[in-house]
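J.: Dumping the structure here so I can ask a few things about it.
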Amino acid sequence: MPVKIVLFAFVAVAAAAPQNQPLVKILSQSFDQDDQGSYQYAYELDNGQRADEAGQSIPGPEPETGSIDVQGSYAFLADDGNTYSVSYRANEGGYQPQADFLPVAPSQIPEYAQLRQEHPELFWAETQ
């Protein structure tokens, strides 16, 4: 059912797009879904945009519960003329994108490491 909602959202966005934009041709597209709720789709457009995604339904302990594990990628041609690609995974751990152009948080700032050494009592929750 969520896949249908996503597809309807794509249709709604396409219908609401400005009409004075050049037409974009679909070079390829595919969609498949099984009876257990797992799916995969892919498409490629002539403007350099492409996407693919596969989602696996993971049943929960009770009916109508569970989660979904998704892996995919997308690419687009930006205004600066460069093509940017992102691969991602989304599951119970959240959305986890990976791309060379995305910023990376520092593993730990030096002040935090110093604070941890000087005042370990502030980090009591990490030892629970």
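Naming works like this for the structure tokens: A, B, ... for the chains as they're shown, residue 1 at the start of each chain, ligands 1 onward in shown order.
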Extract, using only C-alpha atoms, all DNA, RNA and protein residues at most 12 Å from stretch 86-92 of chain A, discarding same-chain residues fewer than 2 positions from it, and format them as number ranges by chain.
T.: A: 49-58, 66-76, 83-84, 94-102
J.: Residues at most 12 Å from A:Gly48, counting only C-alpha atoms, excluding those fewer than 4 positions away in the same chain, as a PDB file with N, CA, C and O atoms, in the first residue's frame?
T.:
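Saved as selection_0.pdb:
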```pdb
ATOM      1  N   VAL A  24      10.665  16.044 -20.822  1.00  0.00           N
ATOM      2  CA  VAL A  24      11.690  15.064 -20.477  1.00  0.00           C
ATOM      3  C   VAL A  24      11.173  13.707 -20.909  1.00  0.00           C
ATOM      4  O   VAL A  24      10.047  13.332 -20.591  1.00  0.00           O
ATOM      5  N   LYS A  25      12.011  12.972 -21.611  1.00  0.00           N
ATOM      6  CA  LYS A  25      11.600  11.654 -22.092  1.00  0.00           C
ATOM      7  C   LYS A  25      12.087  10.568 -21.137  1.00  0.00           C
ATOM      8  O   LYS A  25      13.180  10.635 -20.602  1.00  0.00           O
ATOM      9  N   ILE A  26      11.248   9.578 -20.966  1.00  0.00           N
ATOM     10  CA  ILE A  26      11.604   8.411 -20.155  1.00  0.00           C
ATOM     11  C   ILE A  26      12.376   7.446 -21.050  1.00  0.00           C
ATOM     12  O   ILE A  26      11.858   6.984 -22.062  1.00  0.00           O
ATOM     13  N   LEU A  27      13.613   7.171 -20.673  1.00  0.00           N
ATOM     14  CA  LEU A  27      14.422   6.226 -21.438  1.00  0.00           C
ATOM     15  C   LEU A  27      14.139   4.790 -21.018  1.00  0.00           C
ATOM     16  O   LEU A  27      14.137   3.887 -21.850  1.00  0.00           O
ATOM     17  N   SER A  28      13.938   4.585 -19.725  1.00  0.00           N
ATOM     18  CA  SER A  28      13.599   3.244 -19.237  1.00  0.00           C
ATOM     19  C   SER A  28      12.889   3.366 -17.903  1.00  0.00           C
ATOM     20  O   SER A  28      13.097   4.322 -17.166  1.00  0.00           O
ATOM     21  N   TYR A  43      14.183   3.878 -12.953  1.00  0.00           N
ATOM     22  CA  TYR A  43      13.864   4.680 -14.132  1.00  0.00           C
ATOM     23  C   TYR A  43      15.076   5.499 -14.532  1.00  0.00           C
ATOM     24  O   TYR A  43      15.976   5.732 -13.734  1.00  0.00           O
ATOM     25  N   GLU A  44      15.100   5.917 -15.782  1.00  0.00           N
ATOM     26  CA  GLU A  44      16.140   6.790 -16.300  1.00  0.00           C
ATOM     27  C   GLU A  44      15.488   7.763 -17.275  1.00  0.00           C
ATOM     28  O   GLU A  44      14.671   7.368 -18.107  1.00  0.00           O
ATOM     29  N   TYR A  74      20.189   7.359  -6.573  1.00  0.00           N
ATOM     30  CA  TYR A  74      19.645   8.287  -7.546  1.00  0.00           C
ATOM     31  C   TYR A  74      20.754   9.207  -8.019  1.00  0.00           C
ATOM     32  O   TYR A  74      21.770   9.384  -7.341  1.00  0.00           O
ATOM     33  N   ALA A  75      20.571   9.777  -9.188  1.00  0.00           N
ATOM     34  CA  ALA A  75      21.540  10.702  -9.758  1.00  0.00           C
ATOM     35  C   ALA A  75      20.772  11.797 -10.481  1.00  0.00           C
ATOM     36  O   ALA A  75      19.680  11.575 -10.992  1.00  0.00           O
ATOM     37  N   PHE A  76      21.369  12.979 -10.518  1.00  0.00           N
ATOM     38  CA  PHE A  76      20.735  14.102 -11.194  1.00  0.00           C
ATOM     39  C   PHE A  76      21.797  15.058 -11.709  1.00  0.00           C
ATOM     40  O   PHE A  76      22.913  15.102 -11.186  1.00  0.00           O
ATOM     41  N   LEU A  77      21.451  15.791 -12.727  1.00  0.00           N
ATOM     42  CA  LEU A  77      22.318  16.812 -13.305  1.00  0.00           C
ATOM     43  C   LEU A  77      21.948  18.121 -12.630  1.00  0.00           C
ATOM     44  O   LEU A  77      20.811  18.588 -12.733  1.00  0.00           O
ATOM     45  N   ALA A  78      22.902  18.727 -11.927  1.00  0.00           N
ATOM     46  CA  ALA A  78      22.637  19.947 -11.177  1.00  0.00           C
ATOM     47  C   ALA A  78      22.832  21.177 -12.061  1.00  0.00           C
ATOM     48  O   ALA A  78      23.347  21.092 -13.182  1.00  0.00           O
ATOM     49  N   GLY A  81      26.120  21.948 -13.750  1.00  0.00           N
ATOM     50  CA  GLY A  81      26.557  21.104 -14.854  1.00  0.00           C
ATOM     51  C   GLY A  81      27.130  19.765 -14.436  1.00  0.00           C
ATOM     52  O   GLY A  81      27.453  18.941 -15.286  1.00  0.00           O
ATOM     53  N   ASN A  82      27.259  19.530 -13.153  1.00  0.00           N
ATOM     54  CA  ASN A  82      27.792  18.267 -12.649  1.00  0.00           C
ATOM     55  C   ASN A  82      26.671  17.279 -12.370  1.00  0.00           C
ATOM     56  O   ASN A  82      25.571  17.661 -11.987  1.00  0.00           O
ATOM     57  N   THR A  83      26.982  16.009 -12.552  1.00  0.00           N
ATOM     58  CA  THR A  83      26.041  14.952 -12.187  1.00  0.00           C
ATOM     59  C   THR A  83      26.393  14.465 -10.791  1.00  0.00           C
ATOM     60  O   THR A  83      27.544  14.129 -10.508  1.00  0.00           O
ATOM     61  N   TYR A  84      25.404  14.454  -9.919  1.00  0.00           N
ATOM     62  CA  TYR A  84      25.594  14.020  -8.545  1.00  0.00           C
ATOM     63  C   TYR A  84      24.847  12.705  -8.334  1.00  0.00           C
ATOM     64  O   TYR A  84      23.704  12.559  -8.761  1.00  0.00           O
ATOM     65  N   SER A  85      25.515  11.771  -7.677  1.00  0.00           N
ATOM     66  CA  SER A  85      24.927  10.458  -7.395  1.00  0.00           C
ATOM     67  C   SER A  85      24.925  10.202  -5.895  1.00  0.00           C
ATOM     68  O   SER A  85      25.891  10.532  -5.202  1.00  0.00           O
TER      69      SER A  85
END
```
J.: Pull the helix (DSSP H, G or I) assignments for chain A out of DSSP run on the backbone, and list those residues as an MDAnalysis selection string.
T.: chainID A and resid 2:16 110:118 120:127
